[in-house]
$ cat structure-v4.cif   # mmCIF, N, CA and C atoms
data_coords
loop_
_atom_site.label_atom_id
_atom_site.label_comp_id
_atom_site.auth_asym_id
_atom_site.auth_seq_id
_atom_site.Cartn_x
_atom_site.Cartn_y
_atom_site.Cartn_z
N MET A 1 -13.07 -115.77 24.20
CA MET A 1 -13.17 -114.60 23.36
C MET A 1 -12.79 -114.99 21.93
N PRO A 2 -13.62 -114.69 20.93
CA PRO A 2 -13.30 -115.09 19.56
C PRO A 2 -12.12 -114.32 19.01
N THR A 3 -11.36 -114.98 18.16
CA THR A 3 -10.24 -114.29 17.53
C THR A 3 -10.59 -114.02 16.08
N SER A 4 -9.98 -113.00 15.53
CA SER A 4 -10.24 -112.62 14.15
C SER A 4 -9.30 -113.39 13.23
N ALA A 5 -9.37 -113.04 11.95
CA ALA A 5 -8.48 -113.66 10.97
C ALA A 5 -7.03 -113.25 11.21
N PHE A 6 -6.83 -112.22 11.99
CA PHE A 6 -5.48 -111.75 12.31
C PHE A 6 -5.03 -112.52 13.54
N THR A 7 -4.14 -113.44 13.35
CA THR A 7 -3.71 -114.34 14.40
C THR A 7 -3.30 -113.57 15.65
N GLY A 8 -3.84 -113.99 16.78
CA GLY A 8 -3.48 -113.41 18.05
C GLY A 8 -4.28 -112.18 18.44
N PHE A 9 -5.18 -111.73 17.59
CA PHE A 9 -5.97 -110.55 17.89
C PHE A 9 -7.40 -110.94 18.17
N SER A 10 -7.98 -110.36 19.18
CA SER A 10 -9.37 -110.58 19.50
C SER A 10 -10.24 -109.85 18.49
N ALA A 11 -11.39 -110.40 18.20
CA ALA A 11 -12.34 -109.72 17.31
C ALA A 11 -12.82 -108.42 17.94
N ASP A 12 -12.62 -108.28 19.24
CA ASP A 12 -13.02 -107.10 19.99
C ASP A 12 -11.91 -106.04 20.02
N ALA A 13 -10.74 -106.36 19.50
CA ALA A 13 -9.59 -105.45 19.58
C ALA A 13 -9.83 -104.20 18.74
N ALA A 14 -9.24 -103.12 19.18
CA ALA A 14 -9.26 -101.88 18.40
C ALA A 14 -8.29 -102.02 17.24
N VAL A 15 -8.51 -101.20 16.21
CA VAL A 15 -7.67 -101.23 15.02
C VAL A 15 -7.20 -99.82 14.72
N LEU A 16 -5.91 -99.66 14.53
CA LEU A 16 -5.35 -98.39 14.08
C LEU A 16 -5.15 -98.52 12.57
N LEU A 17 -6.01 -97.85 11.82
CA LEU A 17 -5.90 -97.85 10.37
C LEU A 17 -4.88 -96.79 9.98
N VAL A 18 -3.86 -97.19 9.27
CA VAL A 18 -2.85 -96.25 8.79
C VAL A 18 -3.07 -96.14 7.28
N LEU A 19 -3.63 -95.01 6.87
CA LEU A 19 -3.96 -94.77 5.47
C LEU A 19 -2.73 -94.20 4.78
N LEU A 20 -2.21 -94.94 3.82
CA LEU A 20 -0.94 -94.57 3.19
C LEU A 20 -1.15 -94.13 1.75
N PRO A 21 -0.43 -93.08 1.32
CA PRO A 21 -0.51 -92.67 -0.08
C PRO A 21 0.27 -93.65 -0.95
N PRO A 22 -0.06 -93.68 -2.23
CA PRO A 22 0.75 -94.53 -3.12
C PRO A 22 2.14 -93.91 -3.21
N ASP A 23 3.14 -94.62 -2.74
CA ASP A 23 4.48 -94.02 -2.64
C ASP A 23 5.53 -95.08 -2.92
N PRO A 24 6.06 -95.09 -4.13
CA PRO A 24 7.12 -96.05 -4.41
C PRO A 24 8.50 -95.56 -3.96
N GLY A 25 8.51 -94.48 -3.17
CA GLY A 25 9.77 -93.86 -2.77
C GLY A 25 10.61 -94.68 -1.83
N LEU A 26 11.81 -94.18 -1.59
CA LEU A 26 12.77 -94.88 -0.74
C LEU A 26 12.36 -94.92 0.73
N ALA A 27 11.49 -94.01 1.15
CA ALA A 27 11.10 -93.96 2.57
C ALA A 27 10.12 -95.08 2.93
N ARG A 28 9.49 -95.71 1.98
CA ARG A 28 8.45 -96.71 2.26
C ARG A 28 8.93 -97.84 3.18
N PRO A 29 10.08 -98.46 2.94
CA PRO A 29 10.52 -99.53 3.86
C PRO A 29 10.71 -99.03 5.29
N ALA A 30 11.19 -97.82 5.46
CA ALA A 30 11.38 -97.27 6.81
C ALA A 30 10.03 -97.04 7.49
N VAL A 31 9.06 -96.56 6.74
CA VAL A 31 7.71 -96.33 7.29
C VAL A 31 7.10 -97.66 7.72
N LEU A 32 7.19 -98.66 6.87
CA LEU A 32 6.62 -99.97 7.20
C LEU A 32 7.31 -100.59 8.41
N ALA A 33 8.62 -100.42 8.51
CA ALA A 33 9.36 -100.93 9.67
C ALA A 33 8.92 -100.21 10.95
N ALA A 34 8.72 -98.90 10.86
CA ALA A 34 8.28 -98.13 12.03
C ALA A 34 6.88 -98.57 12.46
N LEU A 35 6.01 -98.85 11.51
CA LEU A 35 4.67 -99.32 11.86
C LEU A 35 4.70 -100.72 12.47
N ASP A 36 5.62 -101.55 12.02
CA ASP A 36 5.79 -102.87 12.64
C ASP A 36 6.26 -102.74 14.08
N ARG A 37 7.17 -101.80 14.33
CA ARG A 37 7.63 -101.55 15.72
C ARG A 37 6.48 -101.03 16.58
N LEU A 38 5.65 -100.16 16.00
CA LEU A 38 4.50 -99.65 16.73
C LEU A 38 3.57 -100.80 17.12
N GLN A 39 3.35 -101.74 16.19
CA GLN A 39 2.51 -102.89 16.49
C GLN A 39 3.07 -103.69 17.66
N GLN A 40 4.38 -103.87 17.67
CA GLN A 40 5.00 -104.60 18.78
C GLN A 40 4.75 -103.90 20.11
N GLN A 41 4.81 -102.57 20.11
CA GLN A 41 4.60 -101.82 21.35
C GLN A 41 3.14 -101.86 21.80
N LEU A 42 2.22 -101.89 20.86
CA LEU A 42 0.80 -101.89 21.21
C LEU A 42 0.31 -103.27 21.63
N GLY A 43 1.00 -104.31 21.21
CA GLY A 43 0.61 -105.66 21.58
C GLY A 43 -0.74 -106.03 20.98
N ALA A 44 -1.48 -106.86 21.70
CA ALA A 44 -2.76 -107.35 21.21
C ALA A 44 -3.91 -106.38 21.44
N ALA A 45 -3.67 -105.29 22.17
CA ALA A 45 -4.75 -104.35 22.48
C ALA A 45 -5.23 -103.59 21.24
N ILE A 46 -4.30 -103.28 20.33
CA ILE A 46 -4.62 -102.52 19.13
C ILE A 46 -3.86 -103.14 17.96
N GLN A 47 -4.58 -103.44 16.91
CA GLN A 47 -3.95 -103.96 15.71
C GLN A 47 -3.66 -102.81 14.75
N VAL A 48 -2.45 -102.74 14.26
CA VAL A 48 -2.07 -101.74 13.26
C VAL A 48 -2.31 -102.34 11.89
N LEU A 49 -3.17 -101.68 11.11
CA LEU A 49 -3.53 -102.17 9.78
C LEU A 49 -3.14 -101.10 8.75
N LYS A 50 -2.23 -101.44 7.87
CA LYS A 50 -1.75 -100.52 6.84
C LYS A 50 -2.65 -100.65 5.61
N ILE A 51 -3.19 -99.51 5.16
CA ILE A 51 -4.08 -99.52 4.00
C ILE A 51 -3.50 -98.57 2.95
N ASP A 52 -3.05 -99.13 1.86
CA ASP A 52 -2.42 -98.38 0.79
C ASP A 52 -3.49 -97.86 -0.18
N GLN A 53 -3.43 -96.57 -0.47
CA GLN A 53 -4.40 -95.95 -1.36
C GLN A 53 -4.35 -96.56 -2.77
N ALA A 54 -3.17 -96.97 -3.21
CA ALA A 54 -3.05 -97.55 -4.55
C ALA A 54 -3.78 -98.89 -4.63
N THR A 55 -3.79 -99.66 -3.55
CA THR A 55 -4.41 -100.97 -3.54
C THR A 55 -5.89 -100.91 -3.16
N HIS A 56 -6.23 -100.02 -2.22
CA HIS A 56 -7.60 -99.93 -1.70
C HIS A 56 -8.10 -98.48 -1.72
N PRO A 57 -8.25 -97.89 -2.91
CA PRO A 57 -8.64 -96.47 -2.98
C PRO A 57 -10.01 -96.18 -2.36
N ALA A 58 -10.96 -97.08 -2.50
CA ALA A 58 -12.30 -96.84 -1.95
C ALA A 58 -12.28 -96.82 -0.43
N VAL A 59 -11.50 -97.70 0.16
CA VAL A 59 -11.40 -97.75 1.62
C VAL A 59 -10.78 -96.45 2.13
N VAL A 60 -9.67 -96.04 1.53
CA VAL A 60 -8.99 -94.82 1.97
C VAL A 60 -9.91 -93.61 1.80
N SER A 61 -10.57 -93.49 0.65
CA SER A 61 -11.42 -92.31 0.43
C SER A 61 -12.64 -92.31 1.36
N SER A 62 -13.08 -93.48 1.83
CA SER A 62 -14.25 -93.53 2.71
C SER A 62 -14.00 -92.84 4.05
N PHE A 63 -12.75 -92.63 4.40
CA PHE A 63 -12.42 -91.96 5.67
C PHE A 63 -12.28 -90.46 5.51
N HIS A 64 -12.38 -89.94 4.30
CA HIS A 64 -12.36 -88.50 4.04
C HIS A 64 -11.20 -87.79 4.71
N ALA A 65 -10.03 -88.40 4.69
CA ALA A 65 -8.84 -87.77 5.27
C ALA A 65 -8.42 -86.62 4.36
N PRO A 66 -8.15 -85.45 4.94
CA PRO A 66 -7.76 -84.31 4.10
C PRO A 66 -6.40 -84.48 3.44
N GLY A 67 -5.59 -85.35 3.96
CA GLY A 67 -4.28 -85.61 3.39
C GLY A 67 -3.76 -86.94 3.90
N LEU A 68 -2.83 -87.50 3.15
CA LEU A 68 -2.23 -88.78 3.53
C LEU A 68 -0.74 -88.59 3.73
N PRO A 69 -0.17 -89.34 4.64
CA PRO A 69 -0.76 -90.41 5.45
C PRO A 69 -1.66 -89.86 6.56
N ALA A 70 -2.51 -90.74 7.04
CA ALA A 70 -3.40 -90.41 8.15
C ALA A 70 -3.63 -91.68 8.98
N CYS A 71 -4.00 -91.49 10.24
CA CYS A 71 -4.26 -92.61 11.14
C CYS A 71 -5.66 -92.44 11.73
N VAL A 72 -6.39 -93.55 11.80
CA VAL A 72 -7.73 -93.56 12.38
C VAL A 72 -7.83 -94.76 13.31
N LEU A 73 -8.16 -94.51 14.57
CA LEU A 73 -8.33 -95.57 15.55
C LEU A 73 -9.81 -95.89 15.64
N VAL A 74 -10.16 -97.15 15.39
CA VAL A 74 -11.56 -97.58 15.46
C VAL A 74 -11.68 -98.82 16.34
N ARG A 75 -12.85 -98.94 16.94
CA ARG A 75 -13.17 -100.15 17.71
C ARG A 75 -14.63 -100.45 17.50
N GLN A 76 -14.92 -101.62 16.99
CA GLN A 76 -16.28 -102.07 16.72
C GLN A 76 -17.07 -101.03 15.92
N GLY A 77 -16.43 -100.47 14.89
CA GLY A 77 -17.09 -99.54 13.99
C GLY A 77 -17.18 -98.10 14.47
N THR A 78 -16.67 -97.82 15.66
CA THR A 78 -16.73 -96.47 16.20
C THR A 78 -15.34 -95.84 16.13
N GLU A 79 -15.27 -94.64 15.55
CA GLU A 79 -14.00 -93.92 15.49
C GLU A 79 -13.70 -93.33 16.87
N LEU A 80 -12.50 -93.64 17.38
CA LEU A 80 -12.09 -93.16 18.70
C LEU A 80 -11.11 -91.99 18.62
N TRP A 81 -10.37 -91.91 17.51
CA TRP A 81 -9.30 -90.91 17.41
C TRP A 81 -8.83 -90.86 15.97
N ARG A 82 -8.29 -89.70 15.57
CA ARG A 82 -7.80 -89.52 14.20
C ARG A 82 -6.63 -88.53 14.22
N GLN A 83 -5.68 -88.75 13.32
CA GLN A 83 -4.52 -87.86 13.22
C GLN A 83 -4.03 -87.86 11.77
N GLN A 84 -3.71 -86.68 11.28
CA GLN A 84 -3.07 -86.62 9.97
C GLN A 84 -1.57 -86.77 10.18
N GLY A 85 -0.92 -87.52 9.31
CA GLY A 85 0.51 -87.79 9.44
C GLY A 85 0.75 -89.15 10.06
N LEU A 86 2.00 -89.54 10.06
CA LEU A 86 2.37 -90.83 10.63
C LEU A 86 2.54 -90.73 12.14
N PRO A 87 2.26 -91.80 12.84
CA PRO A 87 2.37 -91.77 14.30
C PRO A 87 3.81 -91.79 14.78
N GLU A 88 4.06 -91.11 15.88
CA GLU A 88 5.33 -91.19 16.59
C GLU A 88 5.10 -92.15 17.75
N ALA A 89 5.68 -93.33 17.68
CA ALA A 89 5.35 -94.41 18.61
C ALA A 89 5.51 -94.02 20.07
N ASP A 90 6.61 -93.35 20.43
CA ASP A 90 6.86 -93.05 21.84
C ASP A 90 5.75 -92.20 22.44
N GLU A 91 5.22 -91.25 21.67
CA GLU A 91 4.16 -90.38 22.17
C GLU A 91 2.79 -91.02 21.99
N LEU A 92 2.65 -91.82 20.96
CA LEU A 92 1.34 -92.31 20.56
C LEU A 92 0.86 -93.53 21.34
N VAL A 93 1.74 -94.41 21.73
CA VAL A 93 1.32 -95.65 22.39
C VAL A 93 0.47 -95.36 23.62
N PRO A 94 0.91 -94.53 24.57
CA PRO A 94 0.07 -94.27 25.74
C PRO A 94 -1.27 -93.63 25.38
N LEU A 95 -1.27 -92.73 24.40
CA LEU A 95 -2.50 -92.06 23.99
C LEU A 95 -3.50 -93.07 23.41
N LEU A 96 -3.04 -93.91 22.49
CA LEU A 96 -3.93 -94.90 21.86
C LEU A 96 -4.48 -95.88 22.88
N LEU A 97 -3.62 -96.37 23.76
CA LEU A 97 -4.08 -97.31 24.78
C LEU A 97 -5.11 -96.66 25.71
N SER A 98 -4.93 -95.38 26.03
CA SER A 98 -5.90 -94.70 26.89
C SER A 98 -7.24 -94.51 26.17
N LYS A 99 -7.21 -94.24 24.87
CA LYS A 99 -8.45 -94.09 24.10
C LYS A 99 -9.24 -95.42 24.08
N VAL A 100 -8.53 -96.52 23.90
CA VAL A 100 -9.18 -97.83 23.88
C VAL A 100 -9.74 -98.15 25.26
N GLU A 101 -8.98 -97.83 26.30
CA GLU A 101 -9.43 -98.09 27.67
C GLU A 101 -10.69 -97.28 27.99
N LEU A 102 -10.69 -96.01 27.59
CA LEU A 102 -11.87 -95.16 27.83
C LEU A 102 -13.09 -95.69 27.08
N ALA A 103 -12.88 -96.16 25.86
CA ALA A 103 -13.99 -96.71 25.08
C ALA A 103 -14.54 -97.97 25.74
N ALA A 104 -13.66 -98.79 26.29
CA ALA A 104 -14.10 -100.02 26.96
C ALA A 104 -14.89 -99.68 28.22
N VAL A 105 -14.45 -98.69 28.98
CA VAL A 105 -15.16 -98.29 30.19
C VAL A 105 -16.54 -97.73 29.83
N GLY A 106 -16.59 -96.92 28.77
CA GLY A 106 -17.85 -96.36 28.33
C GLY A 106 -18.84 -97.43 27.88
N ARG A 107 -18.31 -98.50 27.31
CA ARG A 107 -19.15 -99.59 26.84
C ARG A 107 -19.74 -100.38 28.02
N LEU A 108 -19.02 -100.39 29.13
CA LEU A 108 -19.48 -101.16 30.29
C LEU A 108 -20.53 -100.40 31.10
N THR A 109 -20.56 -99.08 30.94
CA THR A 109 -21.51 -98.31 31.75
C THR A 109 -22.79 -98.05 31.02
#

$ encode --input "structure-v4.cif" --output "structure tokens"
Amino acid sequence: MPTSAFTGFSADAAVLLVLLPPDPGLARPAVLAALDRLQQQLGAAIQVLKIDQATHPAVVSSFHAPGLPACVLVRQGTELWRQQGLPEADELVPLLLSKVELAAVGRLT
């Protein structure tokens, strides 16, 4: 199975895009740490990719999120799930993994 430029991730892996507002505030390190913990819990099945609106405004606007932060789960160009706000890892991990599993089953049939 080919791997992507992201070490340890399959090119077939789903990606959780976390669209972040430009925020130089004090909460930013805590948010980034929480997203790193989420990545650890998801393992190689889903890659968490942080996209900052200040750095990549065209990418963020292309998802037409009504507000930021927002999360979009995609796999091979297909949107599987979307949520406004930051993810709560304990509740979100099983949900995201089930969405990816359902998409894989649908692809096989």

$ select_by_dssp --input "structure-v4.cif" --residues "chain A" --states "alpha helix (DSSP H)" --output "ChimeraX atom specification"
/A:28-42,57-62,89-108

$ resolve_selection --input "structure-v4.cif" --expression "the PyMOL selection byres ((chain A and resi 51) around 5)" --output "MDAnalysis selection string"
chainID A and resid 18:20 49:50 52:53

$ atom_distance --input "structure-v4.cif" --atom1 "CA of Val15 (chain A)" --atom2 "CA of Leu73 (chain A)"
5.7 Å

$ residues_near_point --input "structure-v4.cif" --point "(-0.8, -103.1, 16.5)" --cutoff "10 Å" --atoms "only C-alpha atoms" --output "short mmCIF file (atom, residue, chain, number, x, y, z; two decimals) with N, CA and C atoms, in the coordinates of the input"
data_model
loop_
_atom_site.label_atom_id
_atom_site.label_comp_id
_atom_site.auth_asym_id
_atom_site.auth_seq_id
_atom_site.Cartn_x
_atom_site.Cartn_y
_atom_site.Cartn_z
N PHE A 9 -5.18 -111.73 17.59
CA PHE A 9 -5.97 -110.55 17.89
C PHE A 9 -7.40 -110.94 18.17
N ALA A 13 -10.74 -106.36 19.50
CA ALA A 13 -9.59 -105.45 19.58
C ALA A 13 -9.83 -104.20 18.74
N ALA A 14 -9.24 -103.12 19.18
CA ALA A 14 -9.26 -101.88 18.40
C ALA A 14 -8.29 -102.02 17.24
N VAL A 15 -8.51 -101.20 16.21
CA VAL A 15 -7.67 -101.23 15.02
C VAL A 15 -7.20 -99.82 14.72
N LEU A 16 -5.91 -99.66 14.53
CA LEU A 16 -5.35 -98.39 14.08
C LEU A 16 -5.15 -98.52 12.57
N LEU A 17 -6.01 -97.85 11.82
CA LEU A 17 -5.90 -97.85 10.37
C LEU A 17 -4.88 -96.79 9.98
N LEU A 35 6.01 -98.85 11.51
CA LEU A 35 4.67 -99.32 11.86
C LEU A 35 4.70 -100.72 12.47
N ASP A 36 5.62 -101.55 12.02
CA ASP A 36 5.79 -102.87 12.64
C ASP A 36 6.26 -102.74 14.08
N ARG A 37 7.17 -101.80 14.33
CA ARG A 37 7.63 -101.55 15.72
C ARG A 37 6.48 -101.03 16.58
N LEU A 38 5.65 -100.16 16.00
CA LEU A 38 4.50 -99.65 16.73
C LEU A 38 3.57 -100.80 17.12
N GLN A 39 3.35 -101.74 16.19
CA GLN A 39 2.51 -102.89 16.49
C GLN A 39 3.07 -103.69 17.66
N GLN A 40 4.38 -103.87 17.67
CA GLN A 40 5.00 -104.60 18.78
C GLN A 40 4.75 -103.90 20.11
N GLN A 41 4.81 -102.57 20.11
CA GLN A 41 4.60 -101.82 21.35
C GLN A 41 3.14 -101.86 21.80
N LEU A 42 2.22 -101.89 20.86
CA LEU A 42 0.80 -101.89 21.21
C LEU A 42 0.31 -103.27 21.63
N GLY A 43 1.00 -104.31 21.21
CA GLY A 43 0.61 -105.66 21.58
C GLY A 43 -0.74 -106.03 20.98
N ALA A 44 -1.48 -106.86 21.70
CA ALA A 44 -2.76 -107.35 21.21
C ALA A 44 -3.91 -106.38 21.44
N ALA A 45 -3.67 -105.29 22.17
CA ALA A 45 -4.75 -104.35 22.48
C ALA A 45 -5.23 -103.59 21.24
N ILE A 46 -4.30 -103.28 20.33
CA ILE A 46 -4.62 -102.52 19.13
C ILE A 46 -3.86 -103.14 17.96
N GLN A 47 -4.58 -103.44 16.91
CA GLN A 47 -3.95 -103.96 15.71
C GLN A 47 -3.66 -102.81 14.75
N VAL A 48 -2.45 -102.74 14.26
CA VAL A 48 -2.07 -101.74 13.26
C VAL A 48 -2.31 -102.34 11.89
N LEU A 49 -3.17 -101.68 11.11
CA LEU A 49 -3.53 -102.17 9.78
C LEU A 49 -3.14 -101.10 8.75
N VAL A 93 1.74 -94.41 21.73
CA VAL A 93 1.32 -95.65 22.39
C VAL A 93 0.47 -95.36 23.62
#

$ atom_distance --input "structure-v4.cif" --atom1 "CA of His64 (chain A)" --atom2 "atom N of Pro22 (chain A)"
14.7 Å

$ select_by_dssp --input "structure-v4.cif" --residues "region 22-77 of chain A" --states "strand (DSSP E)" --output "list of chain:residue names"
A:Ile46, A:Gln47, A:Val48, A:Leu49, A:Lys50, A:Ile51, A:Asp52, A:Ala70, A:Cys71, A:Val72, A:Leu73, A:Val74, A:Arg75

$ atom_distance --input "structure-v4.cif" --atom1 "atom N of Leu96 (chain A)" --atom2 "atom N of Trp81 (chain A)"
9.1 Å

$ closest_residue --input "structure-v4.cif" --among "A:Val74, A:Leu68, A:Leu86, A:Leu32" --to "Ala103 (chain A)" --atoms "only C-alpha atoms"
A:Val74

$ closest_residue --input "structure-v4.cif" --among "A:Pro69, A:Pro21, A:Pro29, A:Pro87" --to "His56 (chain A)" --atoms "only C-alpha atoms"
A:Pro21

$ decode --input "structure-v4.cif" --residues "region 49-82 of chain A" --atoms "N, CA and C atoms" --output "PDB file, in the first residue's frame"
ATOM      1  N   LEU A  49      -5.320  16.933  10.101  1.00  0.00           N
ATOM      2  CA  LEU A  49      -4.575  17.971   9.393  1.00  0.00           C
ATOM      3  C   LEU A  49      -5.132  19.333   9.805  1.00  0.00           C
ATOM      4  N   LYS A  50      -4.305  20.145  10.428  1.00  0.00           N
ATOM      5  CA  LYS A  50      -4.704  21.473  10.885  1.00  0.00           C
ATOM      6  C   LYS A  50      -4.470  22.475   9.759  1.00  0.00           C
ATOM      7  N   ILE A  51      -5.518  23.221   9.415  1.00  0.00           N
ATOM      8  CA  ILE A  51      -5.417  24.209   8.342  1.00  0.00           C
ATOM      9  C   ILE A  51      -5.801  25.570   8.912  1.00  0.00           C
ATOM     10  N   ASP A  52      -4.836  26.448   8.994  1.00  0.00           N
ATOM     11  CA  ASP A  52      -5.027  27.778   9.558  1.00  0.00           C
ATOM     12  C   ASP A  52      -5.511  28.738   8.473  1.00  0.00           C
ATOM     13  N   GLN A  53      -6.585  29.453   8.762  1.00  0.00           N
ATOM     14  CA  GLN A  53      -7.147  30.389   7.806  1.00  0.00           C
ATOM     15  C   GLN A  53      -6.156  31.502   7.445  1.00  0.00           C
ATOM     16  N   ALA A  54      -5.323  31.906   8.384  1.00  0.00           N
ATOM     17  CA  ALA A  54      -4.354  32.969   8.110  1.00  0.00           C
ATOM     18  C   ALA A  54      -3.311  32.516   7.086  1.00  0.00           C
ATOM     19  N   THR A  55      -2.942  31.247   7.121  1.00  0.00           N
ATOM     20  CA  THR A  55      -1.920  30.715   6.226  1.00  0.00           C
ATOM     21  C   THR A  55      -2.507  30.221   4.905  1.00  0.00           C
ATOM     22  N   HIS A  56      -3.693  29.613   4.963  1.00  0.00           N
ATOM     23  CA  HIS A  56      -4.316  29.001   3.779  1.00  0.00           C
ATOM     24  C   HIS A  56      -5.769  29.464   3.626  1.00  0.00           C
ATOM     25  N   PRO A  57      -5.998  30.758   3.389  1.00  0.00           N
ATOM     26  CA  PRO A  57      -7.380  31.263   3.332  1.00  0.00           C
ATOM     27  C   PRO A  57      -8.206  30.638   2.204  1.00  0.00           C
ATOM     28  N   ALA A  58      -7.615  30.353   1.067  1.00  0.00           N
ATOM     29  CA  ALA A  58      -8.372  29.778  -0.048  1.00  0.00           C
ATOM     30  C   ALA A  58      -8.842  28.366   0.276  1.00  0.00           C
ATOM     31  N   VAL A  59      -7.990  27.602   0.934  1.00  0.00           N
ATOM     32  CA  VAL A  59      -8.364  26.232   1.297  1.00  0.00           C
ATOM     33  C   VAL A  59      -9.524  26.263   2.285  1.00  0.00           C
ATOM     34  N   VAL A  60      -9.406  27.089   3.322  1.00  0.00           N
ATOM     35  CA  VAL A  60     -10.461  27.171   4.339  1.00  0.00           C
ATOM     36  C   VAL A  60     -11.770  27.641   3.705  1.00  0.00           C
ATOM     37  N   SER A  61     -11.721  28.675   2.878  1.00  0.00           N
ATOM     38  CA  SER A  61     -12.967  29.191   2.286  1.00  0.00           C
ATOM     39  C   SER A  61     -13.590  28.196   1.309  1.00  0.00           C
ATOM     40  N   SER A  62     -12.789  27.311   0.710  1.00  0.00           N
ATOM     41  CA  SER A  62     -13.333  26.337  -0.241  1.00  0.00           C
ATOM     42  C   SER A  62     -14.292  25.348   0.414  1.00  0.00           C
ATOM     43  N   PHE A  63     -14.237  25.230   1.724  1.00  0.00           N
ATOM     44  CA  PHE A  63     -15.136  24.310   2.434  1.00  0.00           C
ATOM     45  C   PHE A  63     -16.425  24.984   2.887  1.00  0.00           C
ATOM     46  N   HIS A  64     -16.565  26.280   2.675  1.00  0.00           N
ATOM     47  CA  HIS A  64     -17.790  27.018   2.962  1.00  0.00           C
ATOM     48  C   HIS A  64     -18.313  26.761   4.366  1.00  0.00           C
ATOM     49  N   ALA A  65     -17.428  26.695   5.335  1.00  0.00           N
ATOM     50  CA  ALA A  65     -17.840  26.502   6.727  1.00  0.00           C
ATOM     51  C   ALA A  65     -18.494  27.791   7.219  1.00  0.00           C
ATOM     52  N   PRO A  66     -19.666  27.679   7.851  1.00  0.00           N
ATOM     53  CA  PRO A  66     -20.345  28.886   8.320  1.00  0.00           C
ATOM     54  C   PRO A  66     -19.610  29.598   9.455  1.00  0.00           C
ATOM     55  N   GLY A  67     -18.745  28.902  10.127  1.00  0.00           N
ATOM     56  CA  GLY A  67     -17.971  29.486  11.205  1.00  0.00           C
ATOM     57  C   GLY A  67     -16.762  28.620  11.502  1.00  0.00           C
ATOM     58  N   LEU A  68     -15.772  29.226  12.113  1.00  0.00           N
ATOM     59  CA  LEU A  68     -14.553  28.507  12.469  1.00  0.00           C
ATOM     60  C   LEU A  68     -14.369  28.543  13.975  1.00  0.00           C
ATOM     61  N   PRO A  69     -13.797  27.501  14.525  1.00  0.00           N
ATOM     62  CA  PRO A  69     -13.227  26.318  13.875  1.00  0.00           C
ATOM     63  C   PRO A  69     -14.311  25.370  13.357  1.00  0.00           C
ATOM     64  N   ALA A  70     -13.896  24.525  12.433  1.00  0.00           N
ATOM     65  CA  ALA A  70     -14.778  23.504  11.876  1.00  0.00           C
ATOM     66  C   ALA A  70     -13.931  22.277  11.527  1.00  0.00           C
ATOM     67  N   CYS A  71     -14.586  21.124  11.468  1.00  0.00           N
ATOM     68  CA  CYS A  71     -13.908  19.869  11.140  1.00  0.00           C
ATOM     69  C   CYS A  71     -14.626  19.230   9.960  1.00  0.00           C
ATOM     70  N   VAL A  72     -13.840  18.703   9.019  1.00  0.00           N
ATOM     71  CA  VAL A  72     -14.386  18.015   7.853  1.00  0.00           C
ATOM     72  C   VAL A  72     -13.595  16.723   7.667  1.00  0.00           C
ATOM     73  N   LEU A  73     -14.294  15.599   7.656  1.00  0.00           N
ATOM     74  CA  LEU A  73     -13.664  14.300   7.443  1.00  0.00           C
ATOM     75  C   LEU A  73     -13.816  13.940   5.970  1.00  0.00           C
ATOM     76  N   VAL A  74     -12.688  13.709   5.304  1.00  0.00           N
ATOM     77  CA  VAL A  74     -12.712  13.345   3.886  1.00  0.00           C
ATOM     78  C   VAL A  74     -11.877  12.088   3.661  1.00  0.00           C
ATOM     79  N   ARG A  75     -12.274  11.366   2.629  1.00  0.00           N
ATOM     80  CA  ARG A  75     -11.494  10.197   2.201  1.00  0.00           C
ATOM     81  C   ARG A  75     -11.563  10.129   0.693  1.00  0.00           C
ATOM     82  N   GLN A  76     -10.424  10.172   0.054  1.00  0.00           N
ATOM     83  CA  GLN A  76     -10.308  10.129  -1.401  1.00  0.00           C
ATOM     84  C   GLN A  76     -11.243  11.143  -2.068  1.00  0.00           C
ATOM     85  N   GLY A  77     -11.261  12.362  -1.530  1.00  0.00           N
ATOM     86  CA  GLY A  77     -12.029  13.450  -2.123  1.00  0.00           C
ATOM     87  C   GLY A  77     -13.507  13.484  -1.789  1.00  0.00           C
ATOM     88  N   THR A  78     -13.975  12.521  -1.011  1.00  0.00           N
ATOM     89  CA  THR A  78     -15.387  12.475  -0.648  1.00  0.00           C
ATOM     90  C   THR A  78     -15.558  12.901   0.803  1.00  0.00           C
ATOM     91  N   GLU A  79     -16.453  13.859   1.028  1.00  0.00           N
ATOM     92  CA  GLU A  79     -16.736  14.301   2.396  1.00  0.00           C
ATOM     93  C   GLU A  79     -17.604  13.248   3.085  1.00  0.00           C
ATOM     94  N   LEU A  80     -17.141  12.798   4.260  1.00  0.00           N
ATOM     95  CA  LEU A  80     -17.859  11.772   5.016  1.00  0.00           C
ATOM     96  C   LEU A  80     -18.627  12.352   6.200  1.00  0.00           C
ATOM     97  N   TRP A  81     -18.159  13.494   6.715  1.00  0.00           N
ATOM     98  CA  TRP A  81     -18.745  14.048   7.936  1.00  0.00           C
ATOM     99  C   TRP A  81     -18.224  15.461   8.117  1.00  0.00           C
ATOM    100  N   ARG A  82     -19.015  16.286   8.821  1.00  0.00           N
ATOM    101  CA  ARG A  82     -18.635  17.679   9.068  1.00  0.00           C
ATOM    102  C   ARG A  82     -19.213  18.128  10.407  1.00  0.00           C
TER     103      ARG A  82
END
